[in-house]
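Since the structure comes first, as structure tokens, the remarks are kept for the end.
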Amino acid sequence: MLETAQEFITRAAKDLDWTDDMIKKFLTADHIHTFEVSDGNKTYSAFRIQHDNRRGPYKGGIRFHPEVDKDEVQALATLMTVKNAVTALPFGGGKGGVAVNPKELTESELEELSRDFVRKLQKHIGPDTDVAAPDVNTNAKIIDWMVDEYEQLTGDISRAVMTGKSIANGGSEGRAAATGYGGADVLSEVLKQKGDDKKDMTYAIQGVGNVGTHFMFREEKLLPQVLLVAAADSSGGLSSGFGLSATEMAKIRQQEKKFRDYDSQDTIHITNEELLREEVDILVLAALGGVINKDNMKDVRAKYILELANGPVTLEAHDYLTKKGVIIIPDILANAGGVTASLLEWQQNRAGEHWDEQTVLSKIETYLRDAVDQVTTDATNRDICLKEAAFYTALKRLSEDN
Ligand code: NAD
């Protein structure tokens with residue numbers, strides 16, 4: 001995923017006539033904070049990397065994972081700068097992490113570790129400086145502890161130092177739905193731009209989790225002529241020529257059941273690999289990175305691929321499929337609803353307001369539709385694919401802000 005991002009940054013930079021020095025400078029972070037955090041017993045390596053803040057405060061998640069290392073955090077921070085710029089958010093890019101397996105900690109150790117992270121970093125973060133959020137293995141509960149620690153240390157009661165908080169602690173309505181809903185908004189806008197928005201079409205979705213479920217519900221409303229015919233979770237998939245009901249698919253997840261164990265008269269069981277090969281118009285990837293790769297890229301039959309997960313199509317597969325005419329709607333655009341919700345949470349905290357879900361989701365829709373307009377315009381004008389255009393749009397905005 002990171003290799004892919006670096007390649008697309010380089011392609012876009014060359015398109016913008018950036019010199020090698022400018023590219024090198026862009027790939028270098030403003031500040032690298034490396035420190036140790038304690039859970040009360042053991043210590044762990046921790047990082048906060050602030051990549052670029054020319055568009056606004058550094059913004060990006062904090063992950064807790066044993067494999068976290070400086071290079072990965074730095075690459076992810078760079079990608080956040082690009083992602084925030086493509087959607088024109090007033091944020092720069094940052095990322096943080098602790099090399100820990102949180103599943104091995106007790107609740108009180110986890111709380112101590114989270115609070116210690118803030119104690120060590122307090123001077124370098126703030127609502128106008130660096131705004132963090134949850135990421136892999138971190139959640140609203142952890143962010144609430146961190147925000148509380150920051151408030152105790154600084155007296156700042158705005159809670160705008162981090163987003164992804166619980167609703168009771170200043171979190172935003174609509175955050176859980178934002179990524180999936182936003183993905184459907186992006187898809188519908190791309191179909192409109194390509195003149196395909198009124199056609200009867202079919203789609204298959206891999207991953208019926210938080211993102212996939214909210215995508216399906218929004219898609220059903222926005223694009224009723226696009227029929228869901230296959231869906232899969234990690235246990236396997238279901239397919240039906242008559243169409244699958246989003247409500248029924250979501251129910252399997254809500255009841256904590258597996259797709260493999262679901263039976264009905266009109267559906268057949270398929271594997272995840274078969275789902276990726278389904279003869280559908282649109283393939284929605286909402287599970288994992290790297291699922292379309294050199295081993296299966298030749299089997300893809302969809303005309304559109306929507307990347308809701310991060311990096312689900314490898315670089316080699318992307319270039320192969322794009323050459324064949326497949327339209328890949330890139331992750332930095334397709335799943336940007338989540339970070340846009342973060343912006344809206346930050347704005348609500350700063351204004352001392354709390355907006356209803358509809359207000360939040362319609363603001364997200366506006367940001368995303370504007371971003372799609374800009375990216376598709378750049379793609380057409382420069383005769384490049386949507387992924388190259390998304391990076392081009394972002395880097396162009398960053399050049400203008402220089
Ligand atoms: P989730 O854990 O709620 O759901 C993941 C889904 O993928 C589940 O249905 C699971 O069964 C399925 N899955 C897992 N392994 C699989 C496999 N090997 N084959 C097929 N399916 C598999 O996660 P989520 O929050 O819905 O996120 C989905 C993806 O979107 C992740 O890659 C995540 O990084 C990315 N993403 C999420 C957000 C967000 O706001 N939640 C934002 C940006 C990107």
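Residues are named by chain letter and number: chains run A, B, ... in the order of the structure tokens, numbers start at 1 in each chain, and ligands are numbered from 1 in the order shown.
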
| field | Protein and nucleic acid residues within 9 Å of ligand 1 (only C-alpha atoms and all ligand atoms) as a PyMOL selection string | value | chain A and resi 135-136+175-180+206-214+232-237+253+258-259+271-273+285-289+291+307-312+331-332+334-339

| task | Could you pull out the residues in range 298-385 of chain A that DSSP calls strand (DSSP E or B) from the backbone, as a PyMOL selection string? | result | chain A and resi 304-307+313+327-329

| query | Can you tell me, as an MDAnalysis selection string, what residues are no more than 9 Å from Asp69 in chain A when counting only C-alpha atoms, ignoring any on the same chain fewer than 3 positions away? | reply | chainID A and resid 45:47 66 72:74 97:99

Running DSSP on the backbone, which parts of range 178-339 of chain A land in alpha helix (DSSP H), as a PDB file with N, CA and C atoms, in the first residue's frame?
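Output contents, as saved in selection16.pdb:
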```pdb
ATOM      1  N   ALA A 178     -20.000   7.487   8.363  1.00  0.00           N
ATOM      2  CA  ALA A 178     -19.404   8.428   7.405  1.00  0.00           C
ATOM      3  C   ALA A 178     -18.628   7.776   6.253  1.00  0.00           C
ATOM      4  N   THR A 179     -17.796   6.783   6.552  1.00  0.00           N
ATOM      5  CA  THR A 179     -16.937   6.232   5.494  1.00  0.00           C
ATOM      6  C   THR A 179     -17.771   5.485   4.446  1.00  0.00           C
ATOM      7  N   GLY A 180     -18.671   4.627   4.904  1.00  0.00           N
ATOM      8  CA  GLY A 180     -19.499   3.869   3.967  1.00  0.00           C
ATOM      9  C   GLY A 180     -20.462   4.767   3.195  1.00  0.00           C
ATOM     10  N   TYR A 181     -21.124   5.677   3.925  1.00  0.00           N
ATOM     11  CA  TYR A 181     -22.035   6.626   3.262  1.00  0.00           C
ATOM     12  C   TYR A 181     -21.276   7.444   2.220  1.00  0.00           C
ATOM     13  N   GLY A 182     -20.127   7.946   2.649  1.00  0.00           N
ATOM     14  CA  GLY A 182     -19.322   8.777   1.752  1.00  0.00           C
ATOM     15  C   GLY A 182     -18.910   8.000   0.512  1.00  0.00           C
ATOM     16  N   GLY A 183     -18.593   6.712   0.698  1.00  0.00           N
ATOM     17  CA  GLY A 183     -18.193   5.877  -0.444  1.00  0.00           C
ATOM     18  C   GLY A 183     -19.306   5.791  -1.473  1.00  0.00           C
ATOM     19  N   ALA A 184     -20.551   5.687  -1.005  1.00  0.00           N
ATOM     20  CA  ALA A 184     -21.681   5.627  -1.944  1.00  0.00           C
ATOM     21  C   ALA A 184     -21.875   6.978  -2.636  1.00  0.00           C
ATOM     22  N   ASP A 185     -21.663   8.073  -1.905  1.00  0.00           N
ATOM     23  CA  ASP A 185     -21.746   9.407  -2.524  1.00  0.00           C
ATOM     24  C   ASP A 185     -20.703   9.546  -3.635  1.00  0.00           C
ATOM     25  N   VAL A 186     -19.486   9.071  -3.339  1.00  0.00           N
ATOM     26  CA  VAL A 186     -18.408   9.166  -4.330  1.00  0.00           C
ATOM     27  C   VAL A 186     -18.753   8.320  -5.558  1.00  0.00           C
ATOM     28  N   LEU A 187     -19.227   7.092  -5.322  1.00  0.00           N
ATOM     29  CA  LEU A 187     -19.585   6.218  -6.450  1.00  0.00           C
ATOM     30  C   LEU A 187     -20.667   6.872  -7.305  1.00  0.00           C
ATOM     31  N   SER A 188     -21.695   7.404  -6.642  1.00  0.00           N
ATOM     32  CA  SER A 188     -22.804   7.956  -7.429  1.00  0.00           C
ATOM     33  C   SER A 188     -22.345   9.157  -8.253  1.00  0.00           C
ATOM     34  N   GLU A 189     -21.435   9.949  -7.696  1.00  0.00           N
ATOM     35  CA  GLU A 189     -20.935  11.123  -8.429  1.00  0.00           C
ATOM     36  C   GLU A 189     -20.047  10.687  -9.615  1.00  0.00           C
ATOM     37  N   VAL A 190     -19.233   9.659  -9.399  1.00  0.00           N
ATOM     38  CA  VAL A 190     -18.385   9.180 -10.507  1.00  0.00           C
ATOM     39  C   VAL A 190     -19.272   8.617 -11.623  1.00  0.00           C
ATOM     40  N   LEU A 191     -20.299   7.830 -11.262  1.00  0.00           N
ATOM     41  CA  LEU A 191     -21.184   7.266 -12.291  1.00  0.00           C
ATOM     42  C   LEU A 191     -21.859   8.390 -13.082  1.00  0.00           C
ATOM     43  N   LYS A 192     -22.234   9.451 -12.353  1.00  0.00           N
ATOM     44  CA  LYS A 192     -22.864  10.592 -13.019  1.00  0.00           C
ATOM     45  C   LYS A 192     -21.890  11.215 -14.027  1.00  0.00           C
ATOM     46  N   GLN A 193     -20.661  11.430 -13.568  1.00  0.00           N
ATOM     47  CA  GLN A 193     -19.646  12.049 -14.444  1.00  0.00           C
ATOM     48  C   GLN A 193     -19.375  11.180 -15.675  1.00  0.00           C
ATOM     49  N   ASN A 210     -18.348  -2.454   9.269  1.00  0.00           N
ATOM     50  CA  ASN A 210     -18.881  -1.117   9.503  1.00  0.00           C
ATOM     51  C   ASN A 210     -19.001  -0.338   8.190  1.00  0.00           C
ATOM     52  N   VAL A 211     -17.925  -0.321   7.422  1.00  0.00           N
ATOM     53  CA  VAL A 211     -17.917   0.459   6.177  1.00  0.00           C
ATOM     54  C   VAL A 211     -18.877  -0.156   5.153  1.00  0.00           C
ATOM     55  N   GLY A 212     -18.770  -1.474   4.944  1.00  0.00           N
ATOM     56  CA  GLY A 212     -19.582  -2.146   3.929  1.00  0.00           C
ATOM     57  C   GLY A 212     -21.071  -2.002   4.193  1.00  0.00           C
ATOM     58  N   THR A 213     -21.468  -2.150   5.447  1.00  0.00           N
ATOM     59  CA  THR A 213     -22.896  -2.078   5.777  1.00  0.00           C
ATOM     60  C   THR A 213     -23.465  -0.690   5.475  1.00  0.00           C
ATOM     61  N   HIS A 214     -22.752   0.341   5.942  1.00  0.00           N
ATOM     62  CA  HIS A 214     -23.267   1.693   5.699  1.00  0.00           C
ATOM     63  C   HIS A 214     -23.228   2.039   4.215  1.00  0.00           C
ATOM     64  N   PHE A 215     -22.262   1.504   3.501  1.00  0.00           N
ATOM     65  CA  PHE A 215     -22.224   1.712   2.044  1.00  0.00           C
ATOM     66  C   PHE A 215     -23.497   1.132   1.410  1.00  0.00           C
ATOM     67  N   MET A 216     -23.828  -0.117   1.779  1.00  0.00           N
ATOM     68  CA  MET A 216     -24.969  -0.792   1.143  1.00  0.00           C
ATOM     69  C   MET A 216     -26.282  -0.024   1.368  1.00  0.00           C
ATOM     70  N   PHE A 217     -26.469   0.472   2.597  1.00  0.00           N
ATOM     71  CA  PHE A 217     -27.722   1.198   2.884  1.00  0.00           C
ATOM     72  C   PHE A 217     -27.823   2.492   2.078  1.00  0.00           C
ATOM     73  N   ARG A 218     -26.714   3.199   2.010  1.00  0.00           N
ATOM     74  CA  ARG A 218     -26.722   4.468   1.272  1.00  0.00           C
ATOM     75  C   ARG A 218     -26.882   4.212  -0.239  1.00  0.00           C
ATOM     76  N   GLU A 219     -26.203   3.176  -0.720  1.00  0.00           N
ATOM     77  CA  GLU A 219     -26.243   2.835  -2.146  1.00  0.00           C
ATOM     78  C   GLU A 219     -27.679   2.541  -2.570  1.00  0.00           C
ATOM     79  N   GLU A 220     -28.384   1.771  -1.705  1.00  0.00           N
ATOM     80  CA  GLU A 220     -29.767   1.385  -2.007  1.00  0.00           C
ATOM     81  C   GLU A 220     -30.650   2.618  -2.236  1.00  0.00           C
ATOM     82  N   LYS A 221     -30.406   3.670  -1.444  1.00  0.00           N
ATOM     83  CA  LYS A 221     -31.203   4.909  -1.563  1.00  0.00           C
ATOM     84  C   LYS A 221     -30.771   5.730  -2.766  1.00  0.00           C
ATOM     85  N   LEU A 222     -29.427   5.879  -2.918  1.00  0.00           N
ATOM     86  CA  LEU A 222     -28.901   6.766  -3.954  1.00  0.00           C
ATOM     87  C   LEU A 222     -28.981   6.177  -5.350  1.00  0.00           C
ATOM     88  N   ALA A 246     -29.800  -5.633   1.301  1.00  0.00           N
ATOM     89  CA  ALA A 246     -28.780  -5.035   2.180  1.00  0.00           C
ATOM     90  C   ALA A 246     -29.169  -5.262   3.643  1.00  0.00           C
ATOM     91  N   THR A 247     -30.466  -5.121   3.934  1.00  0.00           N
ATOM     92  CA  THR A 247     -30.941  -5.289   5.311  1.00  0.00           C
ATOM     93  C   THR A 247     -30.659  -6.708   5.799  1.00  0.00           C
ATOM     94  N   GLU A 248     -30.927  -7.680   4.930  1.00  0.00           N
ATOM     95  CA  GLU A 248     -30.701  -9.084   5.291  1.00  0.00           C
ATOM     96  C   GLU A 248     -29.203  -9.353   5.514  1.00  0.00           C
ATOM     97  N   MET A 249     -28.356  -8.782   4.641  1.00  0.00           N
ATOM     98  CA  MET A 249     -26.906  -8.988   4.769  1.00  0.00           C
ATOM     99  C   MET A 249     -26.398  -8.344   6.066  1.00  0.00           C
ATOM    100  N   ALA A 250     -26.906  -7.144   6.346  1.00  0.00           N
ATOM    101  CA  ALA A 250     -26.470  -6.450   7.570  1.00  0.00           C
ATOM    102  C   ALA A 250     -26.909  -7.215   8.814  1.00  0.00           C
ATOM    103  N   LYS A 251     -28.086  -7.874   8.689  1.00  0.00           N
ATOM    104  CA  LYS A 251     -28.618  -8.630   9.832  1.00  0.00           C
ATOM    105  C   LYS A 251     -27.685  -9.786  10.213  1.00  0.00           C
ATOM    106  N   ILE A 252     -27.070 -10.407   9.202  1.00  0.00           N
ATOM    107  CA  ILE A 252     -26.155 -11.536   9.484  1.00  0.00           C
ATOM    108  C   ILE A 252     -25.037 -11.028  10.392  1.00  0.00           C
ATOM    109  N   ARG A 253     -24.519  -9.847  10.056  1.00  0.00           N
ATOM    110  CA  ARG A 253     -23.418  -9.281  10.858  1.00  0.00           C
ATOM    111  C   ARG A 253     -23.920  -8.880  12.258  1.00  0.00           C
ATOM    112  N   GLN A 254     -25.091  -8.194  12.277  1.00  0.00           N
ATOM    113  CA  GLN A 254     -25.629  -7.745  13.578  1.00  0.00           C
ATOM    114  C   GLN A 254     -25.827  -8.911  14.535  1.00  0.00           C
ATOM    115  N   ASN A 272     -14.544 -16.148  -1.414  1.00  0.00           N
ATOM    116  CA  ASN A 272     -14.117 -14.758  -1.605  1.00  0.00           C
ATOM    117  C   ASN A 272     -13.451 -14.571  -2.965  1.00  0.00           C
ATOM    118  N   GLU A 273     -12.662 -15.559  -3.395  1.00  0.00           N
ATOM    119  CA  GLU A 273     -12.003 -15.457  -4.705  1.00  0.00           C
ATOM    120  C   GLU A 273     -13.045 -15.411  -5.820  1.00  0.00           C
ATOM    121  N   GLU A 274     -14.099 -16.218  -5.677  1.00  0.00           N
ATOM    122  CA  GLU A 274     -15.163 -16.208  -6.694  1.00  0.00           C
ATOM    123  C   GLU A 274     -15.884 -14.865  -6.717  1.00  0.00           C
ATOM    124  N   LEU A 275     -16.048 -14.273  -5.539  1.00  0.00           N
ATOM    125  CA  LEU A 275     -16.717 -12.964  -5.490  1.00  0.00           C
ATOM    126  C   LEU A 275     -15.942 -11.941  -6.327  1.00  0.00           C
ATOM    127  N   LEU A 276     -14.616 -11.984  -6.214  1.00  0.00           N
ATOM    128  CA  LEU A 276     -13.802 -11.009  -6.947  1.00  0.00           C
ATOM    129  C   LEU A 276     -13.900 -11.214  -8.463  1.00  0.00           C
ATOM    130  N   LEU A 315      -0.379  -2.120  -6.927  1.00  0.00           N
ATOM    131  CA  LEU A 315       0.085  -1.247  -8.010  1.00  0.00           C
ATOM    132  C   LEU A 315       0.068  -1.967  -9.360  1.00  0.00           C
ATOM    133  N   GLU A 316       0.608  -3.186  -9.388  1.00  0.00           N
ATOM    134  CA  GLU A 316       0.667  -3.943 -10.643  1.00  0.00           C
ATOM    135  C   GLU A 316      -0.741  -4.202 -11.177  1.00  0.00           C
ATOM    136  N   ALA A 317      -1.647  -4.603 -10.283  1.00  0.00           N
ATOM    137  CA  ALA A 317      -3.020  -4.881 -10.703  1.00  0.00           C
ATOM    138  C   ALA A 317      -3.715  -3.586 -11.142  1.00  0.00           C
ATOM    139  N   HIS A 318      -3.445  -2.503 -10.448  1.00  0.00           N
ATOM    140  CA  HIS A 318      -4.038  -1.214 -10.829  1.00  0.00           C
ATOM    141  C   HIS A 318      -3.665  -0.850 -12.254  1.00  0.00           C
ATOM    142  N   ASP A 319      -2.376  -0.941 -12.554  1.00  0.00           N
ATOM    143  CA  ASP A 319      -1.923  -0.517 -13.878  1.00  0.00           C
ATOM    144  C   ASP A 319      -2.447  -1.459 -14.970  1.00  0.00           C
ATOM    145  N   TYR A 320      -2.499  -2.752 -14.659  1.00  0.00           N
ATOM    146  CA  TYR A 320      -3.017  -3.732 -15.628  1.00  0.00           C
ATOM    147  C   TYR A 320      -4.504  -3.459 -15.915  1.00  0.00           C
ATOM    148  N   LEU A 321      -5.286  -3.298 -14.852  1.00  0.00           N
ATOM    149  CA  LEU A 321      -6.735  -3.131 -15.021  1.00  0.00           C
ATOM    150  C   LEU A 321      -7.078  -1.789 -15.665  1.00  0.00           C
ATOM    151  N   THR A 322      -6.329  -0.755 -15.289  1.00  0.00           N
ATOM    152  CA  THR A 322      -6.589   0.567 -15.872  1.00  0.00           C
ATOM    153  C   THR A 322      -6.348   0.528 -17.382  1.00  0.00           C
ATOM    154  N   LYS A 323      -5.292  -0.166 -17.766  1.00  0.00           N
ATOM    155  CA  LYS A 323      -4.975  -0.298 -19.199  1.00  0.00           C
ATOM    156  C   LYS A 323      -6.107  -1.005 -19.944  1.00  0.00           C
ATOM    157  N   ASP A 331      -8.869   4.765  -3.172  1.00  0.00           N
ATOM    158  CA  ASP A 331      -9.130   4.801  -1.731  1.00  0.00           C
ATOM    159  C   ASP A 331      -9.065   6.210  -1.143  1.00  0.00           C
ATOM    160  N   ILE A 332      -8.097   7.012  -1.549  1.00  0.00           N
ATOM    161  CA  ILE A 332      -7.960   8.322  -0.893  1.00  0.00           C
ATOM    162  C   ILE A 332      -9.167   9.225  -1.149  1.00  0.00           C
ATOM    163  N   LEU A 333      -9.939   8.876  -2.176  1.00  0.00           N
ATOM    164  CA  LEU A 333     -11.172   9.609  -2.443  1.00  0.00           C
ATOM    165  C   LEU A 333     -12.370   8.810  -1.898  1.00  0.00           C
ATOM    166  N   ALA A 334     -12.400   7.515  -2.221  1.00  0.00           N
ATOM    167  CA  ALA A 334     -13.567   6.679  -1.901  1.00  0.00           C
ATOM    168  C   ALA A 334     -13.817   6.556  -0.401  1.00  0.00           C
ATOM    169  N   GLY A 337     -14.718   9.866   3.537  1.00  0.00           N
ATOM    170  CA  GLY A 337     -15.833  10.308   4.389  1.00  0.00           C
ATOM    171  C   GLY A 337     -15.453  10.289   5.872  1.00  0.00           C
ATOM    172  N   GLY A 338     -14.614   9.341   6.266  1.00  0.00           N
ATOM    173  CA  GLY A 338     -14.228   9.217   7.679  1.00  0.00           C
ATOM    174  C   GLY A 338     -13.449  10.425   8.163  1.00  0.00           C
ATOM    175  N   VAL A 339     -12.437  10.809   7.409  1.00  0.00           N
ATOM    176  CA  VAL A 339     -11.630  11.944   7.859  1.00  0.00           C
ATOM    177  C   VAL A 339     -12.407  13.268   7.714  1.00  0.00           C
TER     178      VAL A 339
END
```

| request: Quote the spacing between CA of Thr78 in chain A and CA of Leu2 in chain A in Å to one decimal place. | output: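 Those two atoms sit 9.6 Å apart.
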
| Taking only C-alpha atoms into account, which of A:Lys303, A:Met80, A:Ala88, A:Ile62 comes nearest Thr366 in chain A? | A:Ala88
